[in-house]
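For reference, my_file03.txt is printed below; it contains compact mmCIF, C-alpha atoms and all ligand atoms.
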# COMPACT_ATOMS: atom_id res chain seq x y z
CA MET T 1199 19.91 -10.93 -38.46
CA ILE T 1200 20.77 -11.30 -34.76
CA PRO T 1201 19.34 -14.48 -33.22
CA VAL T 1202 17.49 -13.10 -30.20
CA LYS T 1203 16.85 -14.99 -26.97
CA LEU T 1204 13.24 -14.34 -25.99
CA SER T 1205 12.65 -12.82 -22.56
CA ASN T 1206 9.15 -14.38 -22.32
CA THR T 1207 7.82 -11.10 -21.00
CA THR T 1208 5.53 -8.42 -22.39
CA GLN T 1209 5.21 -4.66 -22.15
CA SER T 1210 3.24 -3.60 -19.09
CA SER T 1211 -0.34 -2.35 -19.56
CA ILE T 1212 0.56 0.54 -17.26
CA VAL T 1213 3.07 1.78 -19.83
CA ALA T 1214 0.65 1.07 -22.68
CA MET T 1215 -1.99 3.27 -21.04
CA GLY T 1216 0.64 5.99 -20.54
CA THR T 1217 1.39 5.96 -24.25
CA ARG T 1218 -2.33 6.21 -25.03
CA LEU T 1219 -2.79 9.15 -22.65
CA THR T 1220 0.19 11.05 -24.04
CA LYS T 1221 -1.15 10.58 -27.56
CA ALA T 1222 -4.64 11.76 -26.55
CA MET T 1223 -3.20 14.84 -24.84
CA LYS T 1224 -1.22 15.74 -27.95
CA GLU T 1225 -4.19 15.22 -30.25
CA THR T 1226 -6.84 17.03 -28.18
CA GLY T 1227 -4.70 19.61 -26.36
CA GLN T 1228 -6.63 18.68 -23.21
CA GLU T 1229 -5.35 17.48 -19.88
CA TYR T 1230 -5.60 13.77 -18.98
CA LEU T 1231 -4.86 12.48 -15.49
CA MET T 1232 -2.03 9.96 -15.38
CA LEU T 1233 -3.67 7.85 -12.69
CA ASN T 1234 -2.37 4.74 -14.43
CA ARG T 1235 1.05 5.25 -12.88
CA GLY T 1236 2.48 4.21 -9.53
CA VAL T 1237 4.15 7.51 -8.81
CA ASN T 1238 3.21 9.72 -5.85
CA SER T 1239 1.95 12.85 -7.57
CA VAL T 1240 0.63 15.16 -4.85
CA VAL T 1241 3.98 16.96 -4.50
CA THR T 1242 7.59 16.18 -5.33
CA ILE T 1243 9.96 15.83 -2.41
CA GLU T 1244 11.65 19.20 -1.82
CA LEU T 1245 15.36 18.50 -2.24
CA SER T 1246 16.82 22.04 -2.47
CA GLU T 1247 18.16 22.19 1.10
CA VAL T 1248 19.57 18.67 0.96
CA ILE T 1249 21.31 19.12 -2.36
CA LYS T 1250 23.13 22.23 -1.13
CA SER T 1251 25.23 20.10 1.18
CA ILE T 1252 26.33 17.56 -1.46
CA ASP T 1253 29.79 17.94 -2.99
CA PHE T 1254 29.38 16.68 -6.55
CA ASN T 1255 33.13 16.96 -7.14
CA SER T 1256 34.08 14.51 -4.43
CA THR T 1257 35.47 11.06 -5.16
CA ASP T 1258 32.60 9.88 -2.97
CA ILE T 1259 30.35 10.49 -5.96
CA GLN T 1260 32.67 10.26 -8.91
CA VAL T 1261 34.07 6.74 -8.49
CA TYR T 1262 32.60 3.24 -8.42
CA PRO T 1263 30.52 2.68 -5.29
CA ALA T 1264 31.22 -0.18 -2.88
CA THR T 1265 29.42 -3.36 -3.95
CA ASN T 1266 27.10 -3.69 -0.96
CA GLY T 1267 26.39 0.03 -0.76
CA LYS T 1268 28.14 2.97 0.88
CA MET T 1269 28.80 2.37 4.56
CA GLU T 1270 27.16 5.69 5.55
CA LEU T 1271 23.99 4.68 3.73
CA LEU T 1272 23.96 1.16 5.18
CA LYS T 1273 24.25 2.70 8.66
CA ALA T 1274 21.50 5.22 7.92
CA ILE T 1275 19.22 2.40 6.69
CA ASN T 1276 19.99 0.38 9.79
CA GLN T 1277 19.06 3.35 11.98
CA GLU T 1278 15.90 4.36 10.10
CA TYR T 1279 14.42 0.95 9.32
CA PHE T 1280 15.81 -1.35 12.04
CA ALA T 1281 16.42 0.98 15.05
CA ASN T 1282 20.10 0.10 14.64
CA GLN T 1283 19.40 -3.51 15.60
CA ALA T 1284 20.35 -5.11 12.26
CA THR T 1285 23.84 -5.95 11.03
CA VAL T 1286 24.94 -3.75 8.13
CA ASN T 1287 26.43 -6.81 6.39
CA ASN T 1288 22.90 -8.21 6.10
CA ILE T 1289 21.79 -5.19 4.05
CA LEU T 1290 22.45 -4.79 0.33
CA VAL T 1291 21.72 -1.55 -1.51
CA THR T 1292 19.97 -2.33 -4.82
CA GLY T 1293 18.90 -0.48 -7.93
CA GLY T 1294 15.33 -0.05 -6.64
CA GLY T 1295 12.77 -2.60 -5.52
CA ILE T 1296 12.62 -4.25 -8.92
CA SER T 1297 16.33 -5.01 -8.79
CA GLY T 1298 15.97 -6.37 -5.23
CA LEU T 1299 13.13 -8.60 -6.38
CA ASP T 1300 14.90 -9.79 -9.49
CA ILE T 1301 18.13 -10.59 -7.65
CA SER T 1302 16.21 -12.40 -4.90
CA LEU T 1303 14.34 -14.48 -7.47
CA GLN T 1304 17.63 -15.40 -9.15
CA ASN T 1305 19.13 -16.25 -5.78
CA ILE T 1306 16.61 -18.71 -4.33
CA GLN T 1307 16.05 -22.36 -5.16
CA VAL T 1308 12.33 -23.01 -5.10
CA LYS T 1309 9.78 -25.07 -7.03
CA LYS T 1310 7.18 -22.36 -7.15
CA VAL T 1311 6.42 -18.79 -6.14
CA LEU T 1312 3.01 -17.92 -4.70
CA LEU T 1313 1.57 -14.53 -5.54
CA PRO T 1314 -1.23 -12.52 -3.89
CA PRO T 1315 -4.70 -12.85 -5.48
CA LEU T 1316 -4.27 -9.36 -6.94
CA PHE T 1317 -0.65 -8.56 -7.59
CA TRP T 1318 1.67 -6.12 -9.37
CA GLY T 1319 1.85 -7.59 -12.90
CA THR T 1320 5.62 -7.18 -12.94
CA TYR T 1321 5.92 -10.07 -10.44
CA SER T 1322 4.70 -12.58 -13.00
CA GLN T 1323 6.81 -10.98 -15.72
CA LEU T 1324 9.96 -11.25 -13.60
CA LEU T 1325 9.12 -14.85 -12.71
CA SER T 1326 8.74 -15.69 -16.39
CA LEU T 1327 12.02 -13.94 -17.14
CA ARG T 1328 13.79 -16.06 -14.53
CA GLY T 1329 12.01 -19.28 -15.52
CA LEU T 1330 10.20 -19.79 -12.21
CA SER T 1331 6.70 -21.23 -12.05
CA PHE T 1332 4.03 -19.43 -10.07
CA GLU T 1333 0.43 -19.49 -8.98
CA SER T 1334 -1.63 -17.21 -6.77
CA TYR T 1335 -3.10 -17.78 -3.32
CA SER T 1336 -6.69 -16.70 -2.73
CA ASN T 1337 -6.28 -15.00 0.66
CA TYR T 1338 -4.22 -15.29 3.83
CA GLU T 1339 -6.48 -18.08 5.20
CA TRP T 1340 -5.43 -20.19 2.19
CA PHE T 1341 -2.01 -20.81 3.82
CA ALA T 1342 -3.51 -22.37 6.94
CA GLU T 1343 -5.66 -24.68 4.80
CA ASN T 1344 -2.86 -25.68 2.40
CA THR T 1345 0.21 -26.26 4.55
CA ASN T 1346 0.87 -29.49 2.59
CA LYS T 1347 1.39 -27.44 -0.58
CA LEU T 1348 3.94 -25.08 0.90
CA SER T 1349 7.11 -27.14 0.84
CA GLY T 1350 9.66 -25.74 -1.62
CA THR T 1351 7.73 -22.54 -2.26
CA ALA T 1352 8.32 -18.83 -1.83
CA VAL T 1353 5.56 -16.34 -1.13
CA ILE T 1354 5.37 -12.66 -2.04
CA ILE T 1355 3.62 -10.40 0.44
CA CYS T 1356 2.83 -6.81 -0.45
CA ASP T 1357 1.00 -4.63 2.12
CA PRO T 1358 -0.48 -2.12 1.41
CA GLY T 1359 -1.13 -3.93 -1.84
CA ASN T 1360 -0.78 -3.05 -5.46
CA PRO T 1361 -3.35 -2.74 -7.17
CA ALA T 1362 -5.94 -2.42 -4.37
CA GLY T 1363 -4.00 -0.43 -1.75
CA GLU T 1364 -5.49 -2.75 0.89
CA LYS T 1365 -3.87 -2.79 4.31
CA TYR T 1366 -4.20 -5.76 6.67
CA PRO T 1367 -3.57 -5.42 10.42
CA ASP T 1368 0.13 -5.73 11.25
CA ALA T 1369 -0.55 -8.36 13.93
CA GLN T 1370 -2.21 -10.59 11.32
CA LEU T 1371 0.64 -10.08 8.84
CA LEU T 1372 3.26 -10.83 11.44
CA GLU T 1373 1.55 -14.01 12.60
CA LEU T 1374 1.23 -15.22 9.01
CA ILE T 1375 4.87 -14.49 8.19
CA GLN T 1376 6.11 -16.11 11.40
CA ASN T 1377 4.13 -19.27 10.55
CA LEU T 1378 5.42 -19.37 6.99
CA ASN T 1379 8.97 -18.88 8.24
CA LYS T 1380 8.55 -21.69 10.79
CA ASN T 1381 7.44 -23.98 7.94
CA GLY T 1382 10.53 -23.15 5.88
CA VAL T 1383 8.63 -21.06 3.32
CA ILE T 1384 10.66 -18.21 1.87
CA VAL T 1385 8.83 -14.91 2.29
CA LEU T 1386 9.62 -12.03 -0.05
CA PHE T 1387 8.26 -9.08 1.90
CA ASP T 1388 7.91 -6.51 -0.86
CA SER T 1389 5.94 -3.62 0.59
CA PRO T 1390 7.33 -0.39 -0.87
CA TYR T 1391 4.18 1.61 -0.02
CA ARG T 1392 4.24 0.90 3.70
CA ARG T 1393 6.83 3.45 4.76
CA LEU T 1394 4.98 6.31 3.13
CA PHE T 1395 2.57 5.94 6.05
CA HIS T 1396 5.23 5.38 8.73
CA ASN T 1397 8.49 6.84 10.01
CA HIS T 1398 11.40 5.35 11.97
CA SER T 1399 9.08 4.46 14.85
CA ASP T 1400 7.65 1.59 12.75
CA THR T 1401 8.85 -1.66 14.35
CA LEU T 1402 7.72 -4.23 11.76
CA PHE T 1403 11.13 -4.66 10.11
CA GLN T 1404 12.70 -5.25 13.51
CA GLU T 1405 10.18 -8.03 14.08
CA LEU T 1406 10.91 -9.55 10.67
CA MET T 1407 14.68 -9.16 10.51
CA ASN T 1408 15.64 -12.24 12.52
CA LEU T 1409 13.33 -14.61 10.64
CA GLU T 1410 15.75 -16.62 8.53
CA HIS T 1411 13.45 -17.23 5.57
CA VAL T 1412 12.25 -13.64 5.28
CA ILE T 1413 13.79 -11.40 2.64
CA ILE T 1414 12.82 -7.76 3.11
CA ILE T 1415 12.75 -5.90 -0.19
CA GLU T 1416 12.48 -2.15 0.21
CA SER T 1417 12.51 0.80 -2.14
CA PHE T 1418 13.00 4.55 -1.85
CA SER T 1419 10.84 5.10 -4.94
CA LYS T 1420 7.55 5.44 -3.13
CA SER T 1421 8.21 6.40 0.49
CA LEU T 1422 10.80 9.07 -0.43
CA GLY T 1423 9.34 9.92 -3.84
CA LEU T 1424 12.60 9.01 -5.58
CA SER T 1425 11.47 6.64 -8.35
CA GLY T 1426 13.84 8.42 -10.75
CA GLN T 1427 16.89 7.62 -8.63
CA ARG T 1428 16.54 3.80 -8.88
CA ILE T 1429 17.54 2.84 -5.38
CA GLY T 1430 16.36 0.53 -2.61
CA PHE T 1431 17.73 -2.29 -0.46
CA ILE T 1432 17.24 -5.87 0.60
CA HIS T 1433 17.78 -7.45 4.02
CA ASN T 1434 18.24 -11.07 5.00
CA ILE T 1435 19.94 -12.52 8.01
CA GLN T 1436 21.69 -15.32 6.11
CA GLN T 1437 25.07 -13.93 5.07
CA SER T 1438 25.51 -16.36 2.15
CA PHE T 1439 22.23 -15.10 0.65
CA ILE T 1440 23.39 -11.46 0.79
CA ASN T 1441 26.90 -12.30 -0.46
CA GLU T 1442 25.55 -14.16 -3.47
CA ALA T 1443 23.01 -11.38 -4.15
CA ALA T 1444 25.85 -8.83 -4.00
CA LEU T 1445 27.77 -10.76 -6.65
CA ARG T 1446 24.73 -10.89 -8.93
CA LEU T 1447 24.21 -7.16 -8.45
CA MET T 1448 27.86 -6.39 -9.15
CA TYR T 1449 27.97 -8.37 -12.37
CA ALA T 1450 24.73 -6.79 -13.55
CA THR T 1451 25.48 -3.17 -12.62
CA ASN T 1452 28.96 -2.58 -11.10
CA GLY T 1453 27.18 -1.01 -8.12
CA VAL T 1454 24.29 1.36 -7.47
CA ASN T 1455 24.53 5.01 -8.55
CA SER T 1456 26.68 6.92 -6.03
CA PHE T 1457 24.71 10.14 -6.28
CA ALA T 1458 21.47 8.34 -5.40
CA GLN T 1459 23.21 6.72 -2.43
CA VAL T 1460 24.54 10.04 -1.12
CA LEU T 1461 21.16 11.69 -1.63
CA VAL T 1462 19.26 8.99 0.27
CA THR T 1463 21.85 9.07 3.08
CA ARG T 1464 21.24 12.80 3.47
CA LEU T 1465 17.48 12.31 3.44
CA LEU T 1466 17.61 9.65 6.14
CA ALA T 1467 20.33 11.04 8.36
CA THR T 1468 20.47 14.85 8.33
CA PRO T 1469 18.00 17.26 9.98
CA GLU T 1470 17.19 18.96 6.66
CA GLY T 1471 16.69 15.56 4.97
CA ILE T 1472 14.47 14.21 7.72
CA ARG T 1473 12.39 17.41 7.48
CA ALA T 1474 12.03 17.07 3.70
CA VAL T 1475 10.92 13.44 4.00
CA SER T 1476 8.49 14.19 6.78
CA ASP T 1477 6.89 17.11 4.86
CA PHE T 1478 6.61 14.95 1.72
CA LYS T 1479 4.91 12.11 3.59
CA LYS T 1480 2.56 14.41 5.49
CA VAL T 1481 1.18 16.27 2.46
CA THR T 1482 1.06 13.12 0.30
CA THR T 1483 -0.84 11.01 2.82
CA GLU T 1484 -3.33 13.83 3.57
CA HIS T 1485 -4.34 13.97 -0.10
CA ILE T 1486 -4.46 10.17 -0.40
CA GLU T 1487 -6.78 9.98 2.58
CA ALA T 1488 -9.06 12.72 1.19
CA ASN T 1489 -9.23 11.02 -2.23
CA ILE T 1490 -10.11 7.62 -0.79
CA ALA T 1491 -12.78 9.20 1.42
CA PHE T 1492 -14.21 10.97 -1.64
CA LEU T 1493 -14.37 7.71 -3.64
CA HIS T 1494 -15.95 5.91 -0.71
CA GLU T 1495 -18.57 8.59 -0.02
CA ASN T 1496 -19.57 8.65 -3.67
CA GLN T 1497 -19.85 4.87 -4.16
CA LEU T 1498 -16.96 4.82 -6.60
CA LEU T 1499 -14.68 2.66 -4.45
CA ALA T 1500 -15.02 -1.07 -5.16
CA SER T 1501 -15.68 -1.87 -1.51
CA ARG T 1502 -15.76 -5.66 -2.00
CA PHE T 1503 -11.94 -5.57 -2.04
CA TYR T 1504 -11.79 -4.09 1.43
CA GLN T 1505 -13.89 -6.51 3.51
CA ASP T 1506 -11.15 -7.58 5.97
CA SER T 1507 -8.70 -4.83 5.17
CA LYS T 1508 -8.83 -1.06 4.86
CA PRO T 1509 -8.10 1.01 1.75
CA LEU T 1510 -4.91 2.93 2.48
CA GLY T 1511 -3.26 3.78 -0.85
CA ILE T 1512 -1.38 4.68 -2.96
CA PHE T 1513 -3.81 2.87 -5.25
CA ALA T 1514 -7.49 2.02 -5.06
CA ILE T 1515 -9.87 -0.02 -7.15
CA VAL T 1516 -12.86 1.84 -8.54
CA ASP T 1517 -16.13 0.50 -9.88
CA ARG T 1518 -15.53 1.87 -13.37
CA SER T 1519 -13.90 0.34 -16.45
CA PRO T 1520 -10.69 1.81 -17.90
CA GLU T 1521 -12.70 2.86 -20.94
CA GLU T 1522 -15.31 4.76 -18.90
CA LEU T 1523 -12.51 6.52 -17.04
CA PHE T 1524 -10.68 7.31 -20.27
CA GLN T 1525 -13.82 9.01 -21.61
CA GLN T 1526 -13.54 11.38 -18.64
CA ARG T 1527 -9.80 11.86 -19.38
CA ILE T 1528 -8.66 9.71 -16.47
CA GLY T 1529 -5.90 7.15 -16.99
CA SER T 1530 -6.19 3.82 -15.15
CA VAL T 1531 -5.24 0.18 -15.53
CA GLY T 1532 -7.71 -2.69 -16.00
CA LEU T 1533 -7.63 -5.43 -13.38
CA ASP T 1534 -6.59 -8.11 -15.87
CA TYR T 1535 -2.99 -6.87 -15.48
CA PHE T 1536 -3.10 -7.76 -11.78
CA THR T 1537 -4.54 -11.26 -11.59
CA MET T 1538 -4.09 -14.77 -12.96
CA THR T 1539 -7.74 -15.72 -12.62
CA SER T 1540 -10.47 -13.70 -14.22
CA PHE T 1541 -13.72 -13.22 -12.31
CA GLU T 1542 -17.16 -11.92 -13.15
CA GLY T 1543 -17.39 -8.16 -13.52
CA MET T 1544 -13.63 -7.74 -13.66
CA GLU T 1545 -13.85 -5.72 -16.88
CA ASN T 1546 -15.81 -3.03 -15.01
CA LEU T 1547 -13.07 -2.40 -12.46
CA SER T 1548 -9.89 -0.33 -12.65
CA ARG T 1549 -6.87 0.49 -10.57
CA ILE T 1550 -6.24 4.19 -10.12
CA LEU T 1551 -3.55 6.17 -8.36
CA VAL T 1552 -4.99 8.07 -5.39
CA SER T 1553 -1.74 9.84 -4.51
CA PHE T 1554 -2.81 12.89 -6.46
CA PRO T 1555 -3.82 16.52 -5.60
CA HIS T 1556 -7.27 16.25 -4.07
CA GLU T 1557 -8.95 19.22 -5.74
CA LYS T 1558 -8.00 18.21 -9.24
CA PHE T 1559 -8.82 14.58 -8.50
CA VAL T 1560 -12.33 15.56 -7.43
CA SER T 1561 -12.81 17.89 -10.39
CA PHE T 1562 -12.23 14.98 -12.81
CA PHE T 1563 -14.34 12.44 -10.91
CA ARG T 1564 -17.24 14.84 -10.39
CA SER T 1565 -18.58 13.92 -13.83
CA PHE T 1566 -19.45 10.45 -12.44
CA LEU T 1567 -21.68 11.80 -9.68
C1 LIG G 1 4.52 -3.81 -5.41
C2 LIG G 1 5.73 -3.17 -5.97
N1 LIG G 1 6.93 -3.64 -5.63
C3 LIG G 1 8.05 -3.10 -6.10
C4 LIG G 1 8.01 -2.02 -6.96
C5 LIG G 1 9.33 -1.52 -7.46
O1 LIG G 1 9.57 -0.20 -7.47
P1 LIG G 1 11.03 0.36 -7.73
O2 LIG G 1 11.75 -0.56 -8.65
O3 LIG G 1 10.81 1.70 -8.31
O4 LIG G 1 11.67 0.43 -6.39
C6 LIG G 1 6.78 -1.49 -7.37
C7 LIG G 1 6.70 -0.39 -8.32
O5 LIG G 1 5.70 0.02 -8.81
C8 LIG G 1 5.61 -2.09 -6.84
O6 LIG G 1 4.40 -1.64 -7.16

Could you rewrite the structure in this file as structure tokens?
Amino acid sequence: MIPVKLSNTTQSSIVAMGTRLTKAMKETGQEYLMLNRGVNSVVTIELSEVIKSIDFNSTDIQVYPATNGKMELLKAINQEYFANQATVNNILVTGGGISGLDISLQNIQVKKVLLPPLFWGTYSQLLSLRGLSFESYSNYEWFAENTNKLSGTAVIICDPGNPAGEKYPDAQLLELIQNLNKNGVIVLFDSPYRRLFHNHSDTLFQELMNLEHVIIIESFSKSLGLSGQRIGFIHNIQQSFINEAALRLMYATNGVNSFAQVLVTRLLATPEGIRAVSDFKKVTTEHIEANIAFLHENQLLASRFYQDSKPLGIFAIVDRSPEELFQQRIGSVGLDYFTMTSFEGMENLSRILVSFPHEKFVSFFRSFL
């Protein structure tokens, strides 16, 4: 028998619900909506034109990639996300957002990590895996009232959020992050849903990039619809942080998949790529908006989660339990996966994906009206 070191983590409830839905579909022969997942599902990004220009036989694809990422991709990221104002050496291409998060958590020395009140359950799993202690903050005002508790901590900020899809005003976010940075608090800005709703004209990363304690963690899984490619990046202005992160990445992976790097470069930096991304974002966000409006108009949206923020997507919280939704053949995830503190009525709430074709979405939810 192999003596196994325990990871101190558990299987995600999102995956567990997926398994249940697949089983139900097989048994009943009926369709179930996979709204438990965090995958944009309105359309897939149309890659045909972009792929035509890629030479799969080139050494560019067939050999080990450079540790920090291919120079063409680093330049394209700098252009798209930082208006060419960042230094490419401060950017590290990672195997998706989860890899960027995990490497960052391995790379920082802190006493504790503070999580949003509702957070992606994987944060706490990763923190357990890396032996870091954590607690959650109640809202953004909490920081102003608890400055004495902030020394030696890191904070994760995710906006729009997962599971609620809530979006706070950028000015408020920026002020909060600048204050945390000034107080020496490390900020992990993990907001992979943001760029679905923005293009290169978004200036937030430029405003964050010179803050020394801010680590930007970005992913191409959501904003480019490439969750299968496992690619993203991190940015921090402190070179020793990026260098150490690059070493951790190299010894874990030997570099990030070359094909994915070439593909993303084409999507960010060629006319046909930019067109494909723009079409994908346009159609996806139109359906998201229509689905949220439908939930709101029909009193299905749990509006208490959007008092100071607005529901933007790609998720929303609905006033129905996972079981009630399952009865109507809709997959979802219960809120217990997204919080450390239970609250009254939590069992009657669920996270659903709203990045889904509007007509079909409505046809399944109509049974609740
Ligand atoms: C809040 C948040 N951060 C990061 C990720 C990581 O995504 P990926 O590893 O596909 O880039 C996810 C994925 O669901 C997420 O919800």

### Message
Within 10 Å of ligand LIG 1 (chain G) (counting all atoms listed in the file), which residues show up? I'd like them as a ChimeraX atom specification.
### Response
/T:1212,1235-1237,1292-1300,1317-1321,1354-1361,1363,1387-1391,1415-1421,1423-1431,1512-1513

### Task
Quick one: pull the distance between CA of Glu1522 in chain T and CA of Phe1566 in chain T, Å, one decimal.
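Calculated distance between CA of Glu1522 in chain T and CA of Phe1566 in chain T is 9.6 Å.
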
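Using all atoms listed in the file, the shortest contact distance between Asn1381 in chain T and any of T:Val1412, T:Ala1222, T:Leu1394, T:Ile1275 is found at T:Val1412.
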
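As for CA of Asn1346 in chain T and CA of Asn1377 in chain T, they are spaced 13.4 Å apart.
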
### Query
When distances are computed from only C-alpha atoms, which of T:Thr1468, T:Asn1276, T:Thr1242, T:Ser1456 shows the smallest separation from Ile1432 in chain T?
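Comparing T:Thr1468, T:Asn1276, T:Thr1242, T:Ser1456 against Ile1432 in chain T, the winner is T:Asn1276.
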
### Query
At a cut-off of 9 Å from (24.3, -4.8, 5.9) in the coordinates of the file, what residues are picked up using all atoms listed in the file, written as a count of residues only?
19

Which centre and which edge lengths, in Å to one decimal, describe the axis-aligned box that holds all listed atoms of range 1263-1278 of chain T after 6 Å is added on each side, as JSON?
{"center_x": 23.6, "center_y": 1.0, "center_z": 3.3, "size_x": 27.3, "size_y": 21.4, "size_z": 29.3}

### Task
Figure out the distance between CA of Asp1506 in chain T and CA of Leu1551 in chain T, please, to one decimal in Å.
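CA of Asp1506 in chain T lies at a distance of 21.3 Å from CA of Leu1551 in chain T.
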
### Task
Name the residues in contact with Lys1309 in chain T at a cut-off of 8 Å, using all atoms listed in the file, excluding same-chain residues fewer than 4 positions from it; report them as a PyMOL selection string.
chain T and resi 1330-1331+1350-1351

Can you tell me which residues surround range 1479-1489 of chain T at a distance of at most 9 Å, considering only C-alpha atoms, apart from same-chain residues fewer than 4 positions away, and format the answer as an mmCIF file with C-alpha atoms, in the frame of the given file?
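The resulting around-v6.cif:
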data_model
loop_
_atom_site.group_PDB
_atom_site.id
_atom_site.type_symbol
_atom_site.label_atom_id
_atom_site.label_comp_id
_atom_site.auth_asym_id
_atom_site.auth_seq_id
_atom_site.Cartn_x
_atom_site.Cartn_y
_atom_site.Cartn_z
ATOM 1 C CA ASN T 1238 3.210 9.720 -5.850
ATOM 2 C CA SER T 1239 1.950 12.850 -7.570
ATOM 3 C CA VAL T 1240 0.630 15.160 -4.850
ATOM 4 C CA VAL T 1241 3.980 16.960 -4.500
ATOM 5 C CA ILE T 1243 9.960 15.830 -2.410
ATOM 6 C CA ARG T 1393 6.830 3.450 4.760
ATOM 7 C CA LEU T 1394 4.980 6.310 3.130
ATOM 8 C CA PHE T 1395 2.570 5.940 6.050
ATOM 9 C CA HIS T 1396 5.230 5.380 8.730
ATOM 10 C CA SER T 1421 8.210 6.400 0.490
ATOM 11 C CA LEU T 1422 10.800 9.070 -0.430
ATOM 12 C CA GLY T 1423 9.340 9.920 -3.840
ATOM 13 C CA ALA T 1474 12.030 17.070 3.700
ATOM 14 C CA VAL T 1475 10.920 13.440 4.000
ATOM 15 C CA LEU T 1493 -14.370 7.710 -3.640
ATOM 16 C CA HIS T 1494 -15.950 5.910 -0.710
ATOM 17 C CA LEU T 1510 -4.910 2.930 2.480
ATOM 18 C CA GLY T 1511 -3.260 3.780 -0.850
ATOM 19 C CA ILE T 1512 -1.380 4.680 -2.960
ATOM 20 C CA PHE T 1513 -3.810 2.870 -5.250
ATOM 21 C CA LEU T 1551 -3.550 6.170 -8.360
ATOM 22 C CA VAL T 1552 -4.990 8.070 -5.390
ATOM 23 C CA SER T 1553 -1.740 9.840 -4.510
ATOM 24 C CA PHE T 1554 -2.810 12.890 -6.460
ATOM 25 C CA PRO T 1555 -3.820 16.520 -5.600
ATOM 26 C CA HIS T 1556 -7.270 16.250 -4.070
ATOM 27 C CA GLU T 1557 -8.950 19.220 -5.740
ATOM 28 C CA PHE T 1559 -8.820 14.580 -8.500
ATOM 29 C CA VAL T 1560 -12.330 15.560 -7.430
#

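Those residues positioned at most 6 Å from (13.3, -17.5, -11.9) are Leu1303, Gln1304, Leu1325, Arg1328, Gly1329 and Leu1330 of chain T, judged using only C-alpha atoms.
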
### Message
Set the distance at 12 Å and use all atoms listed in the file: which residues neighbour Leu1374 in chain T once local chain neighbours fewer than 5 positions away are removed? I'd like the list as a list in words.
### Response
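The filter keeps Asn1337, Tyr1338, Glu1339, Trp1340, Phe1341, Ala1342, Thr1345, Val1353, Ile1355, Tyr1366, Pro1367, Asp1368, Ala1369, Asn1379, Lys1380, Asn1381, Val1383, Val1385, Phe1387, Leu1406 and Val1412 of chain T.
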
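In terms of minimum interatomic distance to Tyr1262 in chain T, T:Thr1451 ranks closest within T:Ser1438, T:Gln1526, T:Thr1451, T:Ser1548, counting only C-alpha atoms.
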
#### Entry: Best match for closeness to Ser1507 in chain T among T:Gln1370, T:Ser1326, T:Ser1246, T:Gln1260, counting only C-alpha atoms
T:Gln1370

#### Entry: Residues within 7 Å of Ser1519 in chain T, only C-alpha atoms, excluding chain neighbours under 3 positions, as a list in words
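Returned residues: Glu1522, Leu1523, Gly1532, Glu1545, Asn1546, Leu1547 and Ser1548 of chain T.
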
### Task
Return the single residue from T:Ser1336, T:Asn1397, T:Ser1211, T:Asn1206 that is closest to Arg1473 in chain T, with distances computed using only C-alpha atoms.
T:Asn1397
